[in-house]
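First comes the structure, then the notes that go with it.
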Amino acid sequence: MPSSLKDTTTLHNGVKMPWFGLGVYKVQEGDEVISAVKAAIKNGYISIDTAALYQNEDGVGRAIKESGVPREDLFITTKVWNTDQGYESALQAFETSIQKLGLDYIDLYLIHWPVKGKFIDTWKALEKLYKDGRVRAIGVSNFHVHHLKELLTHAEIKPMVNQLEYHPHLTQLEVHEFCKQEGIQLEAWSPLKRGKLFDDPVINNIAKKYRKTAAQVILRWDLQNEVVTIPKSVKEQRIIENATIFDFELTMEEMKKINGLNRNERVGTNPDSFDL
Ligand code: NAD
């Protein structure tokens, strides 16, 4: 069980990925993202999740430089956006991202969504980037089992990570099981269901017992389910709060209770019907 923000899971290629990080979706480019990322790093975070779509890679890069922490001690994820999918355009999109971030390499590069008819070619581009040593790990996001199966029939390199919406109302059992069998690490986006789980009585009862907040219980539940998690906040107090989850442990019974809250309910888009 991870015992600090620095603890890692080992991906199937041997690369170590932190269990916990900061997400920066909808965090504004410029001062807002720079101060959020710097606050996170100052408080011990070593993993940051951005994407070309978020239009804040410049700020993430600046915050990394200004943090004073050696680049190699950090784990930076970014993603290729849907309109850039395809072999050549994904390679081009990578150059843009890495330039904005001001980095020599990316730790984890993901296909943001499984764009039909394109994600195989995009994957070939990610494989090239991986073989060329431009990225330490490659993966996907929002891939259901059928997307993964299609990818695996064409892939030379298996994805190391699948990042998808995951929280107590969406426990993704089928794809989680499949990923475990294939050695693909699951990573949760919107782990807090964007604030829509904080009134849940089951979670709050457990939180009271440990003198923790609902957010902390949910994020701890992610880790105990062996899911990497990247909650977003721009407020330093919450950035600290979200990461203060290494000093308590949910019992099996509490884990089962939270698992039982599943409703297959999304706060984001369904990968089978997206139009992004
Ligand atoms: P989240 O579940 O992390 O919720 C974030 C919201 O919860 C914040 O805006 C804040 O208002 C609130 N919050 C955070 N900590 C809190 C606390 N301690 N107490 C009270 N409120 C708190 O949602 P998210 O930002 O959608 O997801 C997290 C990250 O996942 C994103 O920032 C992004 O990096 C990634 N993501 C990826 C995809 C994808 O398609 N791959 C999609 C969405 C998000």
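Each chain in the structure tokens gets a letter, A, B and so on, in the order shown; residues start at 1 in every chain, and ligands are counted from 1 in the order they appear.
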
**Request:** Excluding Lys42 in chain A and any residue of its chain fewer than 4 positions from it, enumerate the residues within 10 Å of it, using only C-alpha atoms, and give them as a list in words.
**Result:** Ala36, Val37, Lys38, Ile46, Ser67, Gly68, Val69, Glu236 and Ile240 of chain A

**Asked** Quick one: residues within 6 Å of range 252-262 of chain A, only C-alpha atoms counted, chain neighbours fewer than 5 positions away excluded, as number ranges by chain?
**Response** A: 168-171

Let's have the selection written as a JSON list (two decimals), in the first residue's frame, with all heavy atoms.
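Writing done, so here's out-v4.json:
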```
[["chain", "number", "residue", "atom", "x", "y", "z"],
["A", 168, "PRO", "N", -16.72, 6.39, -6.90],
["A", 168, "PRO", "CA", -17.65, 5.42, -6.30],
["A", 168, "PRO", "C", -18.99, 5.24, -7.04],
["A", 168, "PRO", "O", -19.66, 4.22, -6.85],
["A", 168, "PRO", "CB", -17.86, 5.98, -4.89],
["A", 168, "PRO", "CG", -16.56, 6.66, -4.58],
["A", 168, "PRO", "CD", -16.16, 7.31, -5.88],
["A", 169, "HIS", "N", -19.36, 6.17, -7.89],
["A", 169, "HIS", "CA", -20.58, 5.97, -8.69],
["A", 169, "HIS", "C", -20.29, 5.34, -10.06],
["A", 169, "HIS", "O", -21.19, 5.14, -10.86],
["A", 169, "HIS", "CB", -21.32, 7.30, -8.91],
["A", 169, "HIS", "CG", -22.06, 7.76, -7.69],
["A", 169, "HIS", "ND1", -22.63, 9.01, -7.60],
["A", 169, "HIS", "CD2", -22.34, 7.13, -6.52],
["A", 169, "HIS", "CE1", -23.22, 9.14, -6.41],
["A", 169, "HIS", "NE2", -23.05, 8.02, -5.74],
["A", 170, "LEU", "N", -19.02, 5.07, -10.32],
["A", 170, "LEU", "CA", -18.64, 4.49, -11.63],
["A", 170, "LEU", "C", -17.38, 3.65, -11.41],
["A", 170, "LEU", "O", -16.26, 4.12, -11.60],
["A", 170, "LEU", "CB", -18.37, 5.61, -12.65],
["A", 170, "LEU", "CG", -18.06, 5.16, -14.08],
["A", 170, "LEU", "CD1", -19.30, 4.56, -14.75],
["A", 170, "LEU", "CD2", -17.56, 6.34, -14.91],
["A", 171, "THR", "N", -17.59, 2.40, -11.01],
["A", 171, "THR", "CA", -16.43, 1.61, -10.57],
["A", 171, "THR", "C", -15.78, 0.78, -11.69],
["A", 171, "THR", "O", -14.77, 0.13, -11.44],
["A", 171, "THR", "CB", -16.80, 0.70, -9.37],
["A", 171, "THR", "OG1", -17.92, -0.10, -9.75],
["A", 171, "THR", "CG2", -17.16, 1.53, -8.15]]
```

For ligand 1, return the neighbouring residues as a compact mmCIF listing (two decimals) with C-alpha atoms, in the first residue's frame (distance at most 9 Å; only C-alpha atoms and all ligand atoms).
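The file below, pocket32.txt, is the result:
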```
# COMPACT_ATOMS: atom_id res chain seq x y z
CA GLY A 21 -0.95 13.41 -8.77
CA LEU A 22 -2.53 16.75 -9.58
CA GLY A 23 -5.01 17.11 -12.47
CA VAL A 24 -5.23 20.48 -14.21
CA TYR A 25 -8.30 20.23 -16.44
CA LYS A 26 -10.04 23.62 -16.69
CA VAL A 27 -7.25 25.32 -14.80
CA ILE A 48 1.06 16.36 -12.90
CA ASP A 49 -1.63 15.45 -15.44
CA THR A 50 -2.26 17.88 -18.30
CA ALA A 51 -3.33 17.61 -21.95
CA TYR A 54 -6.40 21.98 -21.48
CA THR A 77 1.58 13.28 -18.33
CA THR A 78 0.08 14.92 -21.40
CA LYS A 79 -2.31 13.73 -24.12
CA LEU A 110 -1.81 9.23 -23.74
CA ILE A 111 -4.36 9.01 -26.54
CA HIS A 112 -7.07 11.22 -25.04
CA TRP A 113 -10.11 9.47 -26.61
CA VAL A 140 -4.67 5.45 -23.58
CA SER A 141 -7.60 7.21 -22.03
CA ASN A 142 -11.31 6.50 -22.18
CA ASN A 162 -5.69 3.44 -19.25
CA GLN A 163 -7.01 6.67 -17.72
CA LEU A 164 -10.77 6.81 -17.37
CA GLU A 165 -13.61 8.27 -15.36
CA TYR A 166 -13.64 6.38 -12.09
CA HIS A 167 -15.25 7.12 -8.72
CA GLU A 187 -5.89 5.68 -13.59
CA ALA A 188 -8.94 7.62 -12.37
CA TRP A 189 -10.10 10.90 -13.85
CA SER A 190 -12.77 12.94 -12.06
CA PRO A 191 -12.05 10.79 -8.98
CA LEU A 192 -14.19 13.16 -6.90
CA LYS A 193 -17.00 13.12 -9.48
CA ARG A 194 -16.30 16.85 -9.71
CA GLY A 195 -17.67 17.45 -6.22
CA LYS A 196 -20.88 15.44 -6.65
CA PHE A 198 -19.48 14.87 -0.97
CA THR A 213 -13.06 14.55 4.69
CA ALA A 214 -15.23 12.83 2.10
CA ALA A 215 -12.63 13.73 -0.54
CA GLN A 216 -9.89 12.02 1.45
CA THR A 229 -5.61 9.05 -8.92
CA ILE A 230 -5.22 12.70 -10.02
CA PRO A 231 -7.75 14.97 -8.28
CA LYS A 232 -7.90 18.57 -9.39
CA SER A 233 -7.85 21.63 -7.19
CA VAL A 234 -6.34 25.09 -7.55
CA LYS A 235 -6.61 25.88 -3.84
CA GLN A 237 -5.53 23.99 1.22
CA ARG A 238 -7.41 21.42 -0.86
CA ILE A 239 -4.26 20.37 -2.68
CA ILE A 240 -2.81 19.53 0.74
CA GLU A 241 -6.05 17.98 2.02
CA ASN A 242 -6.41 15.68 -0.99
CA ALA A 243 -2.93 14.29 -0.50
CA VAL A 267 -20.18 13.02 -14.81
CA GLY A 268 -18.30 13.13 -18.10
CA THR A 269 -18.77 11.77 -21.59
```

**Request:** May I have the residues within 10 Å of range 120-124 of chain A as a count of residues only, using only C-alpha atoms and disregarding those fewer than 3 positions away in the same chain?
**Result:** 34

Apply DSSP to the backbone of this structure and, from range 2-228 of chain A, keep only the residues in alpha helix (DSSP H); write these as a compact mmCIF listing (two decimals) with C-alpha atoms, in the first residue's frame.
```txt
# COMPACT_ATOMS: atom_id res chain seq x y z
CA ASP A 31 -1.03 32.52 -13.08
CA GLU A 32 -3.73 30.05 -12.04
CA VAL A 33 -2.05 26.93 -13.38
CA ILE A 34 1.44 28.11 -12.41
CA SER A 35 0.42 28.68 -8.80
CA ALA A 36 -1.58 25.42 -8.54
CA VAL A 37 1.28 23.29 -9.90
CA LYS A 38 3.85 25.07 -7.76
CA ALA A 39 1.68 24.64 -4.66
CA ALA A 40 1.33 20.94 -5.42
CA ILE A 41 5.06 20.40 -5.94
CA LYS A 42 5.90 22.44 -2.84
CA GLU A 57 0.97 23.19 -20.97
CA ASP A 58 3.00 26.42 -21.07
CA GLY A 59 2.08 27.23 -17.49
CA VAL A 60 2.68 23.68 -16.32
CA GLY A 61 6.14 23.87 -17.86
CA ARG A 62 6.89 27.19 -16.22
CA ALA A 63 5.76 25.94 -12.83
CA ILE A 64 8.02 22.89 -13.19
CA LYS A 65 11.01 25.14 -13.91
CA GLU A 66 10.19 27.54 -11.10
CA SER A 67 9.55 24.74 -8.59
CA TYR A 87 0.15 9.13 -37.47
CA GLU A 88 1.79 12.31 -38.74
CA SER A 89 -0.52 14.70 -36.93
CA ALA A 90 0.00 12.94 -33.59
CA LEU A 91 3.77 13.18 -34.02
CA GLN A 92 3.35 16.87 -34.79
CA ALA A 93 1.05 17.36 -31.77
CA PHE A 94 3.68 15.76 -29.56
CA GLU A 95 6.30 18.25 -30.74
CA THR A 96 3.95 21.12 -29.92
CA SER A 97 3.20 19.74 -26.44
CA ILE A 98 6.80 19.07 -25.52
CA GLN A 99 7.82 22.51 -26.74
CA LYS A 100 5.10 24.21 -24.71
CA LEU A 101 6.05 22.22 -21.64
CA PHE A 119 -6.67 5.56 -32.85
CA ILE A 120 -4.63 2.69 -34.33
CA ASP A 121 -2.57 5.08 -36.45
CA THR A 122 -2.24 7.39 -33.46
CA TRP A 123 -0.99 4.45 -31.42
CA LYS A 124 1.68 3.73 -34.08
CA ALA A 125 2.89 7.31 -33.58
CA LEU A 126 3.04 6.82 -29.80
CA GLU A 127 4.99 3.58 -30.32
CA LYS A 128 7.49 5.49 -32.44
CA LEU A 129 7.87 8.19 -29.77
CA TYR A 130 8.41 5.47 -27.19
CA LYS A 131 11.01 3.63 -29.27
CA VAL A 145 -12.68 -3.23 -23.27
CA HIS A 146 -13.66 -3.38 -26.94
CA HIS A 147 -11.40 -0.40 -27.76
CA LEU A 148 -8.53 -2.06 -25.92
CA LYS A 149 -9.10 -5.38 -27.70
CA GLU A 150 -9.05 -3.65 -31.08
CA LEU A 151 -5.89 -1.79 -30.14
CA LEU A 152 -4.17 -4.92 -28.86
CA THR A 153 -4.70 -6.75 -32.14
CA HIS A 154 -2.65 -4.06 -33.91
CA LEU A 173 -15.37 -3.33 -12.95
CA GLU A 174 -15.25 -4.88 -16.40
CA VAL A 175 -12.52 -2.68 -17.83
CA HIS A 176 -10.60 -2.74 -14.54
CA GLU A 177 -10.56 -6.54 -14.57
CA PHE A 178 -9.47 -6.59 -18.20
CA CYS A 179 -6.68 -4.09 -17.52
CA LYS A 180 -5.45 -6.14 -14.57
CA GLN A 181 -5.25 -9.25 -16.76
CA GLU A 182 -3.32 -7.34 -19.41
CA PRO A 201 -23.93 9.41 3.80
CA VAL A 202 -21.91 6.19 3.49
CA ILE A 203 -18.76 8.11 2.59
CA ASN A 204 -19.41 10.73 5.27
CA ASN A 205 -19.91 8.15 8.01
CA ILE A 206 -16.60 6.56 7.17
CA ALA A 207 -14.97 9.99 6.99
CA LYS A 208 -16.21 10.85 10.48
CA LYS A 209 -14.71 7.69 11.92
CA TYR A 210 -11.22 8.61 10.67
CA ALA A 214 -15.23 12.83 2.10
CA ALA A 215 -12.63 13.73 -0.54
CA GLN A 216 -9.89 12.02 1.45
CA VAL A 217 -11.94 8.85 1.92
CA ILE A 218 -12.71 8.65 -1.80
CA LEU A 219 -9.07 9.18 -2.81
CA ARG A 220 -7.89 6.61 -0.27
CA TRP A 221 -10.45 4.18 -1.71
CA ASP A 222 -8.85 4.69 -5.16
CA LEU A 223 -5.43 3.72 -3.84
CA GLN A 224 -6.71 0.67 -1.97
```

**Prompt:** What is the CA of Phe248 in chain A to CA of Ser4 in chain A distance in Å?
**Reply:** 11.6 Å

**Request:** Extract the full set of strand (DSSP E or B) residues from range 97-232 of chain A according to DSSP on the backbone, and format it as a ChimeraX atom specification.
**Result:** /A:106-111,135-141,161-165,167,170,185-189,228-229,232

Restricted to N, CA, C and O atoms, what would the selected residues look like written as a compact mmCIF listing (two decimals), in the first residue's frame?
```
# COMPACT_ATOMS: atom_id res chain seq x y z
N ILE A 106 8.64 13.32 -22.16
CA ILE A 106 7.39 13.23 -21.39
C ILE A 106 7.42 11.87 -20.67
O ILE A 106 7.89 10.89 -21.23
N ASP A 107 6.90 11.85 -19.47
CA ASP A 107 6.88 10.57 -18.75
C ASP A 107 5.78 9.64 -19.27
O ASP A 107 5.99 8.44 -19.42
N LEU A 108 4.60 10.23 -19.52
CA LEU A 108 3.49 9.40 -20.00
C LEU A 108 2.70 10.19 -21.03
O LEU A 108 2.23 11.30 -20.75
N TYR A 109 2.57 9.61 -22.22
CA TYR A 109 1.82 10.26 -23.30
C TYR A 109 0.61 9.39 -23.61
O TYR A 109 0.75 8.18 -23.83
N LEU A 110 -0.57 10.00 -23.60
CA LEU A 110 -1.81 9.23 -23.74
C LEU A 110 -2.60 9.65 -24.98
O LEU A 110 -2.63 10.83 -25.34
N ILE A 111 -3.32 8.68 -25.56
CA ILE A 111 -4.36 9.01 -26.54
C ILE A 111 -5.58 9.44 -25.74
O ILE A 111 -6.10 8.65 -24.94
N VAL A 135 9.37 9.51 -24.93
CA VAL A 135 8.42 9.32 -23.83
C VAL A 135 8.81 8.06 -23.07
O VAL A 135 9.28 7.09 -23.67
N ARG A 136 8.62 8.10 -21.76
CA ARG A 136 9.02 6.93 -20.96
C ARG A 136 7.93 5.86 -20.93
O ARG A 136 8.21 4.69 -20.65
N ALA A 137 6.69 6.28 -21.15
CA ALA A 137 5.58 5.32 -21.17
C ALA A 137 4.48 5.88 -22.06
O ALA A 137 4.36 7.10 -22.23
N ILE A 138 3.69 4.96 -22.65
CA ILE A 138 2.57 5.38 -23.50
C ILE A 138 1.31 4.66 -23.04
O ILE A 138 1.37 3.56 -22.50
N GLY A 139 0.19 5.33 -23.26
CA GLY A 139 -1.06 4.73 -22.82
C GLY A 139 -2.25 5.35 -23.51
O GLY A 139 -2.10 6.11 -24.47
N VAL A 140 -3.42 5.00 -22.98
CA VAL A 140 -4.67 5.45 -23.58
C VAL A 140 -5.55 6.04 -22.50
O VAL A 140 -5.26 5.93 -21.31
N SER A 141 -6.63 6.66 -22.97
CA SER A 141 -7.60 7.21 -22.03
C SER A 141 -8.98 7.00 -22.62
O SER A 141 -9.16 7.09 -23.84
N VAL A 161 -0.96 2.30 -19.48
CA VAL A 161 -1.97 2.93 -18.62
C VAL A 161 -3.26 3.12 -19.40
O VAL A 161 -3.23 3.35 -20.61
N ASN A 162 -4.40 3.01 -18.70
CA ASN A 162 -5.69 3.44 -19.25
C ASN A 162 -6.30 4.40 -18.22
O ASN A 162 -6.57 4.01 -17.09
N GLN A 163 -6.45 5.66 -18.64
CA GLN A 163 -7.01 6.67 -17.72
C GLN A 163 -8.48 6.86 -18.05
O GLN A 163 -8.83 7.20 -19.18
N LEU A 164 -9.35 6.62 -17.08
CA LEU A 164 -10.77 6.81 -17.37
C LEU A 164 -11.54 7.34 -16.16
O LEU A 164 -11.01 7.38 -15.05
N GLU A 165 -12.78 7.77 -16.46
CA GLU A 165 -13.61 8.27 -15.36
C GLU A 165 -13.84 7.13 -14.37
O GLU A 165 -14.26 6.04 -14.75
N HIS A 167 -14.93 6.61 -10.07
CA HIS A 167 -15.25 7.12 -8.72
C HIS A 167 -16.30 6.18 -8.13
O HIS A 167 -16.75 5.25 -8.82
N LEU A 170 -19.02 5.07 -10.32
CA LEU A 170 -18.64 4.49 -11.63
C LEU A 170 -17.38 3.65 -11.41
O LEU A 170 -16.26 4.12 -11.60
N GLN A 185 -2.15 -0.41 -16.17
CA GLN A 185 -2.50 0.29 -14.91
C GLN A 185 -3.71 1.20 -15.14
O GLN A 185 -3.73 2.01 -16.05
N LEU A 186 -4.71 1.07 -14.27
CA LEU A 186 -5.88 1.95 -14.35
C LEU A 186 -5.60 3.25 -13.61
O LEU A 186 -4.97 3.25 -12.54
N GLU A 187 -6.07 4.35 -14.20
CA GLU A 187 -5.89 5.68 -13.59
C GLU A 187 -7.24 6.38 -13.62
O GLU A 187 -7.93 6.37 -14.64
N ALA A 188 -7.61 7.02 -12.50
CA ALA A 188 -8.94 7.62 -12.37
C ALA A 188 -8.95 9.08 -12.76
O ALA A 188 -8.19 9.87 -12.21
N TRP A 189 -9.84 9.46 -13.70
CA TRP A 189 -10.10 10.90 -13.85
C TRP A 189 -11.45 11.24 -13.22
O TRP A 189 -12.28 10.35 -13.01
N VAL A 228 -4.52 4.53 -9.82
CA VAL A 228 -3.79 5.81 -9.73
C VAL A 228 -4.82 6.94 -9.75
O VAL A 228 -5.82 6.86 -10.48
N THR A 229 -4.59 8.00 -8.98
CA THR A 229 -5.61 9.05 -8.92
C THR A 229 -5.00 10.44 -9.03
O THR A 229 -3.89 10.68 -8.56
N LYS A 232 -8.23 17.19 -9.04
CA LYS A 232 -7.90 18.57 -9.39
C LYS A 232 -8.31 19.53 -8.30
O LYS A 232 -9.42 19.42 -7.75
```

**Item:** Between CA of Gly30 in chain A and CA of Asn56 in chain A, distance in Å (one decimal)
**Value:**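 If I compute the distance from CA of Gly30 in chain A to CA of Asn56 in chain A, I get 7.3 Å.
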